[in-house]
$ cat final-v1.cif   # mmCIF, C-alpha atoms
data_query
loop_
_atom_site.group_PDB
_atom_site.id
_atom_site.type_symbol
_atom_site.label_atom_id
_atom_site.label_comp_id
_atom_site.auth_asym_id
_atom_site.auth_seq_id
_atom_site.Cartn_x
_atom_site.Cartn_y
_atom_site.Cartn_z
ATOM 1 C CA MET U 8 154.584 115.563 54.235
ATOM 2 C CA PRO U 9 156.931 118.580 54.146
ATOM 3 C CA GLN U 10 159.251 118.558 51.149
ATOM 4 C CA LYS U 11 162.267 119.008 53.410
ATOM 5 C CA TRP U 12 161.378 117.422 56.747
ATOM 6 C CA THR U 13 164.173 117.854 59.286
ATOM 7 C CA LEU U 14 164.677 117.578 63.037
ATOM 8 C CA ALA U 15 163.158 121.041 63.330
ATOM 9 C CA GLU U 16 159.766 119.547 62.347
ATOM 10 C CA MET U 17 159.964 116.652 64.814
ATOM 11 C CA PRO U 18 157.403 116.899 67.629
ATOM 12 C CA ARG U 19 158.508 117.054 71.245
ATOM 13 C CA LEU U 20 158.935 113.650 72.838
ATOM 14 C CA ASP U 21 159.044 114.562 76.527
ATOM 15 C CA ASP U 22 157.958 111.653 78.731
ATOM 16 C CA ARG U 23 158.391 109.238 75.799
ATOM 17 C CA LEU U 24 160.578 106.141 76.095
ATOM 18 C CA ALA U 25 162.461 104.754 73.092
ATOM 19 C CA VAL U 26 164.641 101.699 72.501
ATOM 20 C CA VAL U 27 167.168 101.924 69.660
ATOM 21 C CA THR U 28 169.134 98.806 68.724
ATOM 22 C CA GLY U 29 172.620 99.233 67.332
ATOM 23 C CA ALA U 30 172.658 102.693 68.872
ATOM 24 C CA ASN U 31 176.390 103.089 69.354
ATOM 25 C CA ARG U 32 177.351 104.187 65.832
ATOM 26 C CA GLY U 33 176.214 105.309 62.407
ATOM 27 C CA LEU U 34 172.487 105.409 61.834
ATOM 28 C CA GLY U 35 171.647 104.242 65.354
ATOM 29 C CA LEU U 36 173.715 106.978 66.943
ATOM 30 C CA GLU U 37 172.033 109.639 64.820
ATOM 31 C CA ILE U 38 168.561 108.267 65.535
ATOM 32 C CA SER U 39 169.300 108.192 69.266
ATOM 33 C CA ALA U 40 170.658 111.726 69.242
ATOM 34 C CA GLY U 41 167.619 112.962 67.318
ATOM 35 C CA LEU U 42 165.165 111.356 69.738
ATOM 36 C CA ALA U 43 167.109 112.587 72.779
ATOM 37 C CA GLY U 44 167.199 116.097 71.351
ATOM 38 C CA ALA U 45 163.393 116.071 71.221
ATOM 39 C CA GLY U 46 163.190 115.095 74.881
ATOM 40 C CA ALA U 47 162.765 111.314 74.754
ATOM 41 C CA THR U 48 164.445 108.976 77.194
ATOM 42 C CA VAL U 49 166.480 106.687 74.950
ATOM 43 C CA VAL U 50 167.628 103.186 75.810
ATOM 44 C CA LEU U 51 170.757 102.451 73.787
ATOM 45 C CA ALA U 52 170.600 98.695 73.172
ATOM 46 C CA CYS U 53 174.170 97.775 72.218
ATOM 47 C CA ARG U 54 176.433 94.743 72.101
ATOM 48 C CA ASP U 55 179.672 96.536 72.997
ATOM 49 C CA ALA U 56 179.610 98.366 76.344
ATOM 50 C CA ARG U 57 182.705 100.443 75.578
ATOM 51 C CA ARG U 58 181.303 101.708 72.297
ATOM 52 C CA ALA U 59 177.956 102.334 73.935
ATOM 53 C CA GLU U 60 179.601 104.586 76.522
ATOM 54 C CA ALA U 61 181.403 106.463 73.757
ATOM 55 C CA ALA U 62 178.029 106.963 72.065
ATOM 56 C CA VAL U 63 176.557 108.294 75.305
ATOM 57 C CA GLN U 64 179.362 110.837 75.557
ATOM 58 C CA GLU U 65 178.898 111.906 71.925
ATOM 59 C CA ILE U 66 175.122 112.305 72.294
ATOM 60 C CA ARG U 67 175.560 114.311 75.504
ATOM 61 C CA ARG U 68 178.096 116.496 73.750
ATOM 62 C CA ARG U 69 175.363 117.394 71.244
ATOM 63 C CA VAL U 70 172.429 117.242 73.672
ATOM 64 C CA PRO U 71 173.691 118.057 77.182
ATOM 65 C CA GLN U 72 170.299 117.366 78.750
ATOM 66 C CA ALA U 73 169.941 113.964 77.037
ATOM 67 C CA ARG U 74 168.261 111.253 79.088
ATOM 68 C CA LEU U 75 170.024 108.034 78.159
ATOM 69 C CA GLU U 76 170.189 104.468 79.404
ATOM 70 C CA VAL U 77 172.527 101.737 78.180
ATOM 71 C CA MET U 78 171.378 98.127 78.193
ATOM 72 C CA PRO U 79 173.351 95.209 76.706
ATOM 73 C CA LEU U 80 171.879 93.509 73.647
ATOM 74 C CA ASP U 81 173.474 91.138 71.158
ATOM 75 C CA LEU U 82 170.989 90.482 68.367
ATOM 76 C CA ALA U 83 173.121 87.548 67.169
ATOM 77 C CA ASP U 84 172.426 85.708 70.429
ATOM 78 C CA LEU U 85 168.779 85.028 71.261
ATOM 79 C CA SER U 86 169.623 84.382 74.921
ATOM 80 C CA SER U 87 170.904 87.994 75.022
ATOM 81 C CA VAL U 88 167.715 89.203 73.355
ATOM 82 C CA ARG U 89 165.634 87.393 75.944
ATOM 83 C CA ARG U 90 167.716 88.777 78.829
ATOM 84 C CA PHE U 91 167.351 92.289 77.452
ATOM 85 C CA ALA U 92 163.574 91.934 77.185
ATOM 86 C CA GLN U 93 163.305 90.435 80.658
ATOM 87 C CA ASP U 94 165.366 93.252 82.175
ATOM 88 C CA PHE U 95 163.530 95.938 80.215
ATOM 89 C CA ASN U 96 160.097 94.616 81.172
ATOM 90 C CA ALA U 97 161.152 94.467 84.815
ATOM 91 C CA ARG U 98 162.297 98.098 84.776
ATOM 92 C CA PHE U 99 159.753 99.823 82.547
ATOM 93 C CA SER U 100 155.963 99.670 82.278
ATOM 94 C CA ARG U 101 155.750 101.408 78.881
ATOM 95 C CA LEU U 102 157.506 101.612 75.529
ATOM 96 C CA ASP U 103 156.651 104.351 73.044
ATOM 97 C CA LEU U 104 159.167 103.671 70.282
ATOM 98 C CA LEU U 105 161.028 100.505 69.316
ATOM 99 C CA ILE U 106 163.570 101.296 66.589
ATOM 100 C CA ASN U 107 164.908 98.004 65.246
ATOM 101 C CA ASN U 108 168.027 99.433 63.647
ATOM 102 C CA GLY U 109 170.985 97.185 64.544
ATOM 103 C CA SER U 110 172.381 95.298 61.548
ATOM 104 C CA ALA U 111 175.056 92.977 60.349
ATOM 105 C CA ILE U 112 176.240 94.525 57.089
ATOM 106 C CA MET U 113 178.081 92.643 54.357
ATOM 107 C CA VAL U 114 179.961 90.239 56.620
ATOM 108 C CA PRO U 115 181.673 87.011 55.476
ATOM 109 C CA LEU U 116 179.770 83.760 55.925
ATOM 110 C CA GLN U 117 179.416 83.063 59.631
ATOM 111 C CA LYS U 118 176.799 81.879 62.086
ATOM 112 C CA THR U 119 175.067 83.477 65.032
ATOM 113 C CA ARG U 120 175.255 81.828 68.445
ATOM 114 C CA ASP U 121 172.016 80.012 67.587
ATOM 115 C CA GLY U 122 173.329 78.703 64.265
ATOM 116 C CA TYR U 123 171.630 81.151 61.882
ATOM 117 C CA GLU U 124 173.407 82.859 59.000
ATOM 118 C CA MET U 125 174.632 86.133 60.509
ATOM 119 C CA HIS U 126 172.606 88.579 58.390
ATOM 120 C CA ILE U 127 169.238 86.835 58.669
ATOM 121 C CA GLY U 128 169.887 85.952 62.311
ATOM 122 C CA THR U 129 170.800 89.484 63.363
ATOM 123 C CA ASN U 130 168.807 91.720 61.073
ATOM 124 C CA HIS U 131 165.575 89.738 61.004
ATOM 125 C CA LEU U 132 165.314 86.957 63.589
ATOM 126 C CA GLY U 133 166.895 88.889 66.462
ATOM 127 C CA HIS U 134 164.499 91.779 65.932
ATOM 128 C CA PHE U 135 161.560 89.416 65.380
ATOM 129 C CA VAL U 136 162.092 87.965 68.841
ATOM 130 C CA LEU U 137 162.794 91.331 70.458
ATOM 131 C CA THR U 138 159.575 92.819 69.076
ATOM 132 C CA GLY U 139 157.526 89.906 70.316
ATOM 133 C CA LEU U 140 158.996 90.040 73.806
ATOM 134 C CA LEU U 141 158.414 93.798 74.104
ATOM 135 C CA LEU U 142 154.957 93.769 72.531
ATOM 136 C CA ASP U 143 153.088 93.882 75.845
ATOM 137 C CA ARG U 144 154.861 97.124 76.752
ATOM 138 C CA LEU U 145 154.153 98.576 73.303
ATOM 139 C CA GLN U 146 150.482 97.639 73.468
ATOM 140 C CA ALA U 147 150.206 99.172 76.928
ATOM 141 C CA THR U 148 151.435 102.514 75.574
ATOM 142 C CA PRO U 149 149.040 104.688 73.543
ATOM 143 C CA GLY U 150 150.511 105.854 70.237
ATOM 144 C CA SER U 151 153.454 103.447 70.307
ATOM 145 C CA ARG U 152 155.386 102.523 67.163
ATOM 146 C CA VAL U 153 157.765 99.896 65.848
ATOM 147 C CA VAL U 154 160.148 101.043 63.101
ATOM 148 C CA ASN U 155 162.213 98.428 61.266
ATOM 149 C CA THR U 156 165.251 99.450 59.247
ATOM 150 C CA SER U 157 165.310 97.996 55.748
ATOM 151 C CA SER U 158 167.523 98.865 52.783
ATOM 152 C CA MET U 159 167.487 99.484 49.052
ATOM 153 C CA ALA U 160 169.385 96.171 48.994
ATOM 154 C CA HIS U 161 166.080 94.366 49.542
ATOM 155 C CA ARG U 162 165.580 94.803 45.789
ATOM 156 C CA LEU U 163 169.023 93.417 44.895
ATOM 157 C CA THR U 164 168.695 89.949 46.391
ATOM 158 C CA LYS U 165 167.560 87.052 44.220
ATOM 159 C CA GLY U 166 164.629 86.623 46.562
ATOM 160 C CA LEU U 167 163.712 85.137 49.884
ATOM 161 C CA LYS U 168 164.631 81.438 50.017
ATOM 162 C CA LEU U 169 162.585 80.080 52.887
ATOM 163 C CA ASP U 170 164.053 76.619 52.378
ATOM 164 C CA ASP U 171 167.623 77.968 52.533
ATOM 165 C CA LEU U 172 167.683 81.061 54.708
ATOM 166 C CA HIS U 173 171.156 80.172 55.994
ATOM 167 C CA PHE U 174 172.907 79.571 52.643
ATOM 168 C CA GLU U 175 173.491 75.880 53.244
ATOM 169 C CA ARG U 176 172.472 74.822 49.711
ATOM 170 C CA ARG U 177 173.642 77.733 47.565
ATOM 171 C CA PRO U 178 176.782 79.801 47.087
ATOM 172 C CA TYR U 179 177.164 82.525 49.686
ATOM 173 C CA LYS U 180 177.312 86.110 48.492
ATOM 174 C CA GLU U 181 177.471 88.914 51.022
ATOM 175 C CA MET U 182 175.129 91.238 49.139
ATOM 176 C CA ASP U 183 172.584 88.482 48.562
ATOM 177 C CA ALA U 184 172.639 87.551 52.248
ATOM 178 C CA TYR U 185 172.353 91.169 53.370
ATOM 179 C CA GLY U 186 169.608 91.903 50.843
ATOM 180 C CA GLN U 187 167.663 88.792 51.849
ATOM 181 C CA SER U 188 167.776 89.827 55.510
ATOM 182 C CA LYS U 189 166.529 93.322 54.712
ATOM 183 C CA LEU U 190 163.786 91.895 52.504
ATOM 184 C CA ALA U 191 162.762 89.626 55.388
ATOM 185 C CA SER U 192 162.670 92.610 57.734
ATOM 186 C CA LEU U 193 160.465 94.552 55.336
ATOM 187 C CA ILE U 194 158.132 91.612 54.704
ATOM 188 C CA CYS U 195 157.683 91.133 58.444
ATOM 189 C CA THR U 196 157.055 94.837 58.990
ATOM 190 C CA PHE U 197 154.080 94.694 56.662
ATOM 191 C CA GLU U 198 152.919 91.394 58.183
ATOM 192 C CA LEU U 199 153.250 92.847 61.681
ATOM 193 C CA ASP U 200 151.056 95.740 60.569
ATOM 194 C CA ARG U 201 148.426 93.318 59.238
ATOM 195 C CA ARG U 202 148.414 91.305 62.457
ATOM 196 C CA LEU U 203 148.269 94.375 64.689
ATOM 197 C CA ARG U 204 145.288 95.665 62.718
ATOM 198 C CA ARG U 205 143.492 92.319 62.966
ATOM 199 C CA ALA U 206 144.129 92.290 66.716
ATOM 200 C CA GLY U 207 142.684 95.782 67.056
ATOM 201 C CA SER U 208 145.974 97.059 68.445
ATOM 202 C CA GLY U 209 146.896 100.716 68.293
ATOM 203 C CA VAL U 210 150.592 99.994 67.729
ATOM 204 C CA VAL U 211 151.904 101.365 64.415
ATOM 205 C CA ALA U 212 154.443 99.255 62.508
ATOM 206 C CA ALA U 213 156.416 101.072 59.807
ATOM 207 C CA ALA U 214 159.755 100.719 58.033
ATOM 208 C CA ALA U 215 162.455 103.049 56.765
ATOM 209 C CA HIS U 216 165.696 102.934 54.840
ATOM 210 C CA PRO U 217 168.607 105.418 54.817
ATOM 211 C CA GLY U 218 169.375 105.465 51.096
ATOM 212 C CA TRP U 219 173.054 105.631 50.278
ATOM 213 C CA SER U 220 174.367 106.963 53.555
ATOM 214 C CA ASN U 221 177.836 106.885 55.033
ATOM 215 C CA THR U 222 176.698 104.995 58.118
ATOM 216 C CA ASN U 223 179.625 102.569 58.331
ATOM 217 C CA PRO U 224 182.662 104.439 56.980
ATOM 218 C CA ASP U 225 185.151 101.704 57.906
ATOM 219 C CA LYS U 226 183.193 98.837 56.315
ATOM 220 C CA GLY U 227 183.604 97.325 52.868
ATOM 221 C CA SER U 228 186.419 97.401 50.345
ATOM 222 C CA ALA U 229 188.807 100.315 49.926
ATOM 223 C CA LEU U 230 186.917 101.262 46.762
ATOM 224 C CA MET U 231 183.573 101.223 48.586
ATOM 225 C CA ARG U 232 184.945 103.318 51.433
ATOM 226 C CA TRP U 233 186.298 105.830 48.932
ATOM 227 C CA ALA U 234 182.960 105.964 47.067
ATOM 228 C CA ASN U 235 181.099 106.429 50.355
ATOM 229 C CA SER U 236 183.320 109.310 51.367
ATOM 230 C CA LEU U 237 182.685 111.089 48.061
ATOM 231 C CA MET U 238 179.061 110.354 47.196
ATOM 232 C CA ALA U 239 177.095 109.044 50.175
ATOM 233 C CA GLN U 240 174.986 111.433 52.212
ATOM 234 C CA PRO U 241 175.895 111.930 55.888
ATOM 235 C CA ALA U 242 174.533 109.488 58.450
ATOM 236 C CA ALA U 243 172.459 112.309 59.965
ATOM 237 C CA MET U 244 170.519 112.592 56.698
ATOM 238 C CA GLY U 245 170.165 108.830 56.457
ATOM 239 C CA ALA U 246 168.576 108.812 59.916
ATOM 240 C CA LEU U 247 165.781 111.209 58.954
ATOM 241 C CA PRO U 248 163.448 108.593 57.367
ATOM 242 C CA SER U 249 163.585 106.489 60.550
ATOM 243 C CA LEU U 250 162.995 109.541 62.719
ATOM 244 C CA TYR U 251 160.089 110.592 60.519
ATOM 245 C CA ALA U 252 158.609 107.076 60.691
ATOM 246 C CA ALA U 253 158.980 107.105 64.467
ATOM 247 C CA THR U 254 157.530 110.532 65.211
ATOM 248 C CA ALA U 255 155.607 112.242 62.398
ATOM 249 C CA PRO U 256 151.858 112.390 63.110
ATOM 250 C CA ALA U 257 150.961 111.470 59.514
ATOM 251 C CA VAL U 258 152.687 108.071 59.576
ATOM 252 C CA GLN U 259 150.394 105.052 59.371
ATOM 253 C CA GLY U 260 150.962 101.353 59.833
ATOM 254 C CA GLY U 261 152.566 99.776 56.778
ATOM 255 C CA ASP U 262 154.249 102.983 55.615
ATOM 256 C CA TYR U 263 157.744 102.708 54.157
ATOM 257 C CA LEU U 264 159.937 105.804 54.275
ATOM 258 C CA GLY U 265 163.217 106.592 52.557
ATOM 259 C CA PRO U 266 165.100 109.469 50.949
ATOM 260 C CA GLY U 267 162.974 111.256 48.383
ATOM 261 C CA GLY U 268 165.779 112.135 45.986
ATOM 262 C CA PHE U 269 167.023 110.438 42.802
ATOM 263 C CA LYS U 270 166.574 106.650 43.021
ATOM 264 C CA GLU U 271 166.043 107.010 46.791
ATOM 265 C CA LEU U 272 169.800 107.405 47.193
ATOM 266 C CA ARG U 273 169.685 110.615 49.190
ATOM 267 C CA GLY U 274 167.384 113.409 50.225
ATOM 268 C CA TYR U 275 164.689 114.227 52.737
ATOM 269 C CA PRO U 276 162.112 111.669 53.940
ATOM 270 C CA ALA U 277 159.360 110.556 51.593
ATOM 271 C CA LYS U 278 157.081 107.569 51.192
ATOM 272 C CA VAL U 279 158.824 105.061 48.929
ATOM 273 C CA GLY U 280 157.915 101.873 47.141
ATOM 274 C CA SER U 281 159.146 98.348 47.689
ATOM 275 C CA SER U 282 159.517 95.159 45.707
ATOM 276 C CA ASP U 283 156.345 93.185 44.999
ATOM 277 C CA GLU U 284 157.779 90.342 47.075
ATOM 278 C CA ALA U 285 157.938 92.578 50.140
ATOM 279 C CA ARG U 286 154.163 93.168 49.963
ATOM 280 C CA ASP U 287 153.182 89.521 49.281
ATOM 281 C CA PRO U 288 150.874 88.487 52.171
ATOM 282 C CA GLU U 289 151.152 84.753 51.419
ATOM 283 C CA LEU U 290 154.947 84.863 51.530
ATOM 284 C CA ALA U 291 154.739 86.996 54.673
ATOM 285 C CA ALA U 292 152.579 84.426 56.461
ATOM 286 C CA ARG U 293 155.051 81.687 55.550
ATOM 287 C CA LEU U 294 158.049 83.741 56.700
ATOM 288 C CA TRP U 295 156.287 84.588 59.963
ATOM 289 C CA ALA U 296 155.567 80.915 60.629
ATOM 290 C CA ARG U 297 159.142 79.999 59.746
ATOM 291 C CA SER U 298 160.472 82.707 62.085
ATOM 292 C CA GLU U 299 158.284 81.399 64.914
ATOM 293 C CA LEU U 300 159.538 77.870 64.328
ATOM 294 C CA LEU U 301 163.206 78.864 64.198
ATOM 295 C CA THR U 302 163.112 81.058 67.294
ATOM 296 C CA GLY U 303 160.419 79.427 69.413
ATOM 297 C CA THR U 304 158.770 82.837 69.765
ATOM 298 C CA ARG U 305 155.083 83.254 68.968
ATOM 299 C CA TYR U 306 152.963 86.382 69.123
ATOM 300 C CA LEU U 307 149.912 87.912 67.474
#

$ encode --input "final-v1.cif" --output "structure tokens"
Amino acid sequence: MPQKWTLAEMPRLDDRLAVVTGANRGLGLEISAGLAGAGATVVLACRDARRAEAAVQEIRRRVPQARLEVMPLDLADLSSVRRFAQDFNARFSRLDLLINNGSAIMVPLQKTRDGYEMHIGTNHLGHFVLTGLLLDRLQATPGSRVVNTSSMAHRLTKGLKLDDLHFERRPYKEMDAYGQSKLASLICTFELDRRLRRAGSGVVAAAAHPGWSNTNPDKGSALMRWANSLMAQPAAMGALPSLYAATAPAVQGGDYLGPGGFKELRGYPAKVGSSDEARDPELAARLWARSELLTGTRYL
């Protein structure tokens, strides 16, 4: 891996098709712009049509030749996820890159349309269903990849509580809920890799995190926004680990990429470690089964 991998090292992606969730702002916008700049056709999967159009205009300002599609997707509503997958599968026969990036970040206690706690419902269960429903297209495409966005916060949660994923029996804390959802995403990335390998599939499943990046400048307390403006790296830098995971030839299934600088807070992409819990195959099998039960979606 180059010590300072940038967009200049990214291979050309002409004739490749990518889906990026949460593509209208922050990390998702930067990932989409990076992929489009390398020649990929990018489907911006977004909840808000107005913001999605603004993102299209911004990407085309940077990449005039960008090939972009906008398709509605609300990860907090599984009926929307299913409609997106149905429409996508009807329109496209292939899928090279699925970047599961969209996230609820540090929101007050609230439920998704299906009754899940918002972080676990959006960040994990929504993407779990989306991946399953698009898997046929991924498996039909040589060299395809799934990249899930995790976070350093996966280490900050008190752990995955399979018997209380929705904070119905314990006090709700935004960071704990967010961290749990990102831990679940990482656990399922590694479990997806195991299952794809057992199935003899060529699909690569990897994960990435952006470090401390200013991806949501208007979120959080006034103090947090001030700290972000002073110390966080730009969203474009935070997007590099995901772009590396999605495109670098050296990436293998089960890899986890993040900034290679001090404490993984900032820097260029590098392979990074995770909590022991994230790599626990027994816990992963239980979470996978629980996710299937909650969503009614089974695959692999």

$ resolve_selection --input "final-v1.cif" --expression "the PyMOL selection byres ((chain U and resi 291-297) around 7)" --output "PDB file with C-alpha atoms, keeping the file's coordinate frame"
ATOM      1  CA  LEU U 169     162.585  80.080  52.887  1.00  0.00           C
ATOM      2  CA  ILE U 194     158.132  91.612  54.704  1.00  0.00           C
ATOM      3  CA  CYS U 195     157.683  91.133  58.444  1.00  0.00           C
ATOM      4  CA  GLU U 198     152.919  91.394  58.183  1.00  0.00           C
ATOM      5  CA  ASP U 287     153.182  89.521  49.281  1.00  0.00           C
ATOM      6  CA  PRO U 288     150.874  88.487  52.171  1.00  0.00           C
ATOM      7  CA  GLU U 289     151.152  84.753  51.419  1.00  0.00           C
ATOM      8  CA  LEU U 290     154.947  84.863  51.530  1.00  0.00           C
ATOM      9  CA  SER U 298     160.472  82.707  62.085  1.00  0.00           C
ATOM     10  CA  GLU U 299     158.284  81.399  64.914  1.00  0.00           C
ATOM     11  CA  LEU U 300     159.538  77.870  64.328  1.00  0.00           C
ATOM     12  CA  LEU U 301     163.206  78.864  64.198  1.00  0.00           C
TER      13      LEU U 301
END

$ closest_residue --input "final-v1.cif" --among "U:Ala15, U:Ala212, U:Met78, U:Ala242" --to "U:Gly44" --atoms "all atoms listed in the file"
U:Ala15

$ closest_residue --input "final-v1.cif" --among "U:Leu247, U:Ala30, U:Ala252, U:Met113" --to "U:Glu76" --atoms "only C-alpha atoms"
U:Ala30

$ resolve_selection --input "final-v1.cif" --expression "the PyMOL selection byres ((chain U and resi 149) around 10)" --output "PyMOL selection string"
chain U and resi 101-103+145-148+150-152+208-210

$ resolve_selection --input "final-v1.cif" --expression "the PyMOL selection byres ((chain U and resi 89) around 12)" --output "short mmCIF file (atom, residue, chain, number, x, y, z; two decimals) with C-alpha atoms, keeping the file's coordinate frame"
data_model
loop_
_atom_site.label_atom_id
_atom_site.label_comp_id
_atom_site.auth_asym_id
_atom_site.auth_seq_id
_atom_site.Cartn_x
_atom_site.Cartn_y
_atom_site.Cartn_z
CA PRO U 79 173.35 95.21 76.71
CA LEU U 80 171.88 93.51 73.65
CA ASP U 81 173.47 91.14 71.16
CA LEU U 82 170.99 90.48 68.37
CA ALA U 83 173.12 87.55 67.17
CA ASP U 84 172.43 85.71 70.43
CA LEU U 85 168.78 85.03 71.26
CA SER U 86 169.62 84.38 74.92
CA SER U 87 170.90 87.99 75.02
CA VAL U 88 167.72 89.20 73.36
CA ARG U 90 167.72 88.78 78.83
CA PHE U 91 167.35 92.29 77.45
CA ALA U 92 163.57 91.93 77.18
CA GLN U 93 163.30 90.44 80.66
CA ASP U 94 165.37 93.25 82.18
CA PHE U 95 163.53 95.94 80.22
CA ASN U 96 160.10 94.62 81.17
CA GLY U 133 166.90 88.89 66.46
CA HIS U 134 164.50 91.78 65.93
CA PHE U 135 161.56 89.42 65.38
CA VAL U 136 162.09 87.96 68.84
CA LEU U 137 162.79 91.33 70.46
CA THR U 138 159.57 92.82 69.08
CA GLY U 139 157.53 89.91 70.32
CA LEU U 140 159.00 90.04 73.81
CA LEU U 141 158.41 93.80 74.10
CA THR U 302 163.11 81.06 67.29
CA GLY U 303 160.42 79.43 69.41
CA THR U 304 158.77 82.84 69.76
#

$ atom_distance --input "final-v1.cif" --atom1 "atom CA of U:Val63" --atom2 "atom CA of U:Val50"
10.3 Å

$ residues_around --input "final-v1.cif" --residues "U:Ser282" --least-positions-apart "5" --cutoff "9 Å" --atoms "all atoms listed in the file" --output "list of chain:residue names"
U:His161, U:Arg162, U:Leu190

$ closest_residue --input "final-v1.cif" --among "U:Ile127, U:Ile66, U:Ala215, U:Leu20" --to "U:Val279" --atoms "all atoms listed in the file"
U:Ala215

$ atom_distance --input "final-v1.cif" --atom1 "atom CA of U:Met182" --atom2 "atom CA of U:Thr129"
15.0 Å

$ residues_around --input "final-v1.cif" --residues "U:Gly280" --least-positions-apart "3" --cutoff "9 Å" --atoms "only C-alpha atoms" --output "compact mmCIF listing (two decimals) with C-alpha atoms, in the frame of the given file"
# COMPACT_ATOMS: atom_id res chain seq x y z
CA TYR U 263 157.74 102.71 54.16
CA LEU U 264 159.94 105.80 54.28
CA GLY U 265 163.22 106.59 52.56

$ atom_distance --input "final-v1.cif" --atom1 "atom CA of U:Val258" --atom2 "atom CA of U:Thr28"
21.0 Å

$ residues_around --input "final-v1.cif" --residues "U:Glu175" --least-positions-apart "5" --cutoff "12 Å" --atoms "only C-alpha atoms" --output "PyMOL selection string"
chain U and resi 116-118+122-124+168-170+180+184

$ residues_around --input "final-v1.cif" --residues "U:Leu272" --least-positions-apart "5" --cutoff "9 Å" --atoms "only C-alpha atoms" --output "list of chain:residue names"
U:Met159, U:Pro217, U:Gly218, U:Trp219, U:Ser220, U:Ala239, U:Gln240, U:Gly265, U:Pro266, U:Gly267

$ closest_residue --input "final-v1.cif" --among "U:Ala243, U:Ala97, U:Gly33, U:Leu24" --to "U:Leu75" --atoms "all atoms listed in the file"
U:Leu24

$ closest_residue --input "final-v1.cif" --among "U:Trp12, U:His173, U:Arg67, U:Tyr306" --to "U:Asp143" --atoms "only C-alpha atoms"
U:Tyr306

$ decode --input "final-v1.cif" --residues "stretch 270-285 of chain U" --atoms "N, CA and C atoms" --output "short mmCIF file (atom, residue, chain, number, x, y, z; two decimals), in the first residue's frame"
data_model
loop_
_atom_site.label_atom_id
_atom_site.label_comp_id
_atom_site.auth_asym_id
_atom_site.auth_seq_id
_atom_site.Cartn_x
_atom_site.Cartn_y
_atom_site.Cartn_z
N LYS U 270 -3.56 7.45 16.12
CA LYS U 270 -4.82 6.94 16.66
C LYS U 270 -5.92 6.80 15.61
N GLU U 271 -5.51 6.70 14.34
CA GLU U 271 -6.46 6.57 13.22
C GLU U 271 -7.38 7.78 13.09
N LEU U 272 -6.96 8.92 13.63
CA LEU U 272 -7.81 10.11 13.58
C LEU U 272 -7.79 10.78 12.22
N ARG U 273 -6.65 10.73 11.56
CA ARG U 273 -6.51 11.40 10.28
C ARG U 273 -5.36 10.75 9.51
N GLY U 274 -5.25 11.11 8.24
CA GLY U 274 -4.16 10.57 7.46
C GLY U 274 -4.64 9.80 6.25
N TYR U 275 -3.67 9.22 5.55
CA TYR U 275 -3.94 8.48 4.32
C TYR U 275 -4.35 7.04 4.64
N PRO U 276 -5.01 6.35 3.71
CA PRO U 276 -5.54 5.02 4.01
C PRO U 276 -4.48 4.01 4.42
N ALA U 277 -4.87 3.18 5.39
CA ALA U 277 -4.02 2.09 5.86
C ALA U 277 -4.92 1.01 6.42
N LYS U 278 -4.42 -0.21 6.47
CA LYS U 278 -5.14 -1.27 7.16
C LYS U 278 -5.13 -0.96 8.66
N VAL U 279 -6.28 -1.11 9.30
CA VAL U 279 -6.39 -0.79 10.72
C VAL U 279 -7.00 -1.97 11.46
N GLY U 280 -6.85 -1.94 12.77
CA GLY U 280 -7.40 -2.99 13.60
C GLY U 280 -8.83 -2.68 14.04
N SER U 281 -9.42 -3.64 14.72
CA SER U 281 -10.78 -3.47 15.23
C SER U 281 -10.85 -4.08 16.61
N SER U 282 -11.97 -3.89 17.27
CA SER U 282 -12.17 -4.52 18.57
C SER U 282 -12.24 -6.03 18.40
N ASP U 283 -11.93 -6.77 19.46
CA ASP U 283 -12.04 -8.23 19.40
C ASP U 283 -13.47 -8.65 19.11
N GLU U 284 -14.43 -7.91 19.66
CA GLU U 284 -15.84 -8.24 19.46
C GLU U 284 -16.21 -8.21 17.99
N ALA U 285 -15.64 -7.27 17.24
CA ALA U 285 -15.96 -7.15 15.83
C ALA U 285 -15.55 -8.38 15.04
#
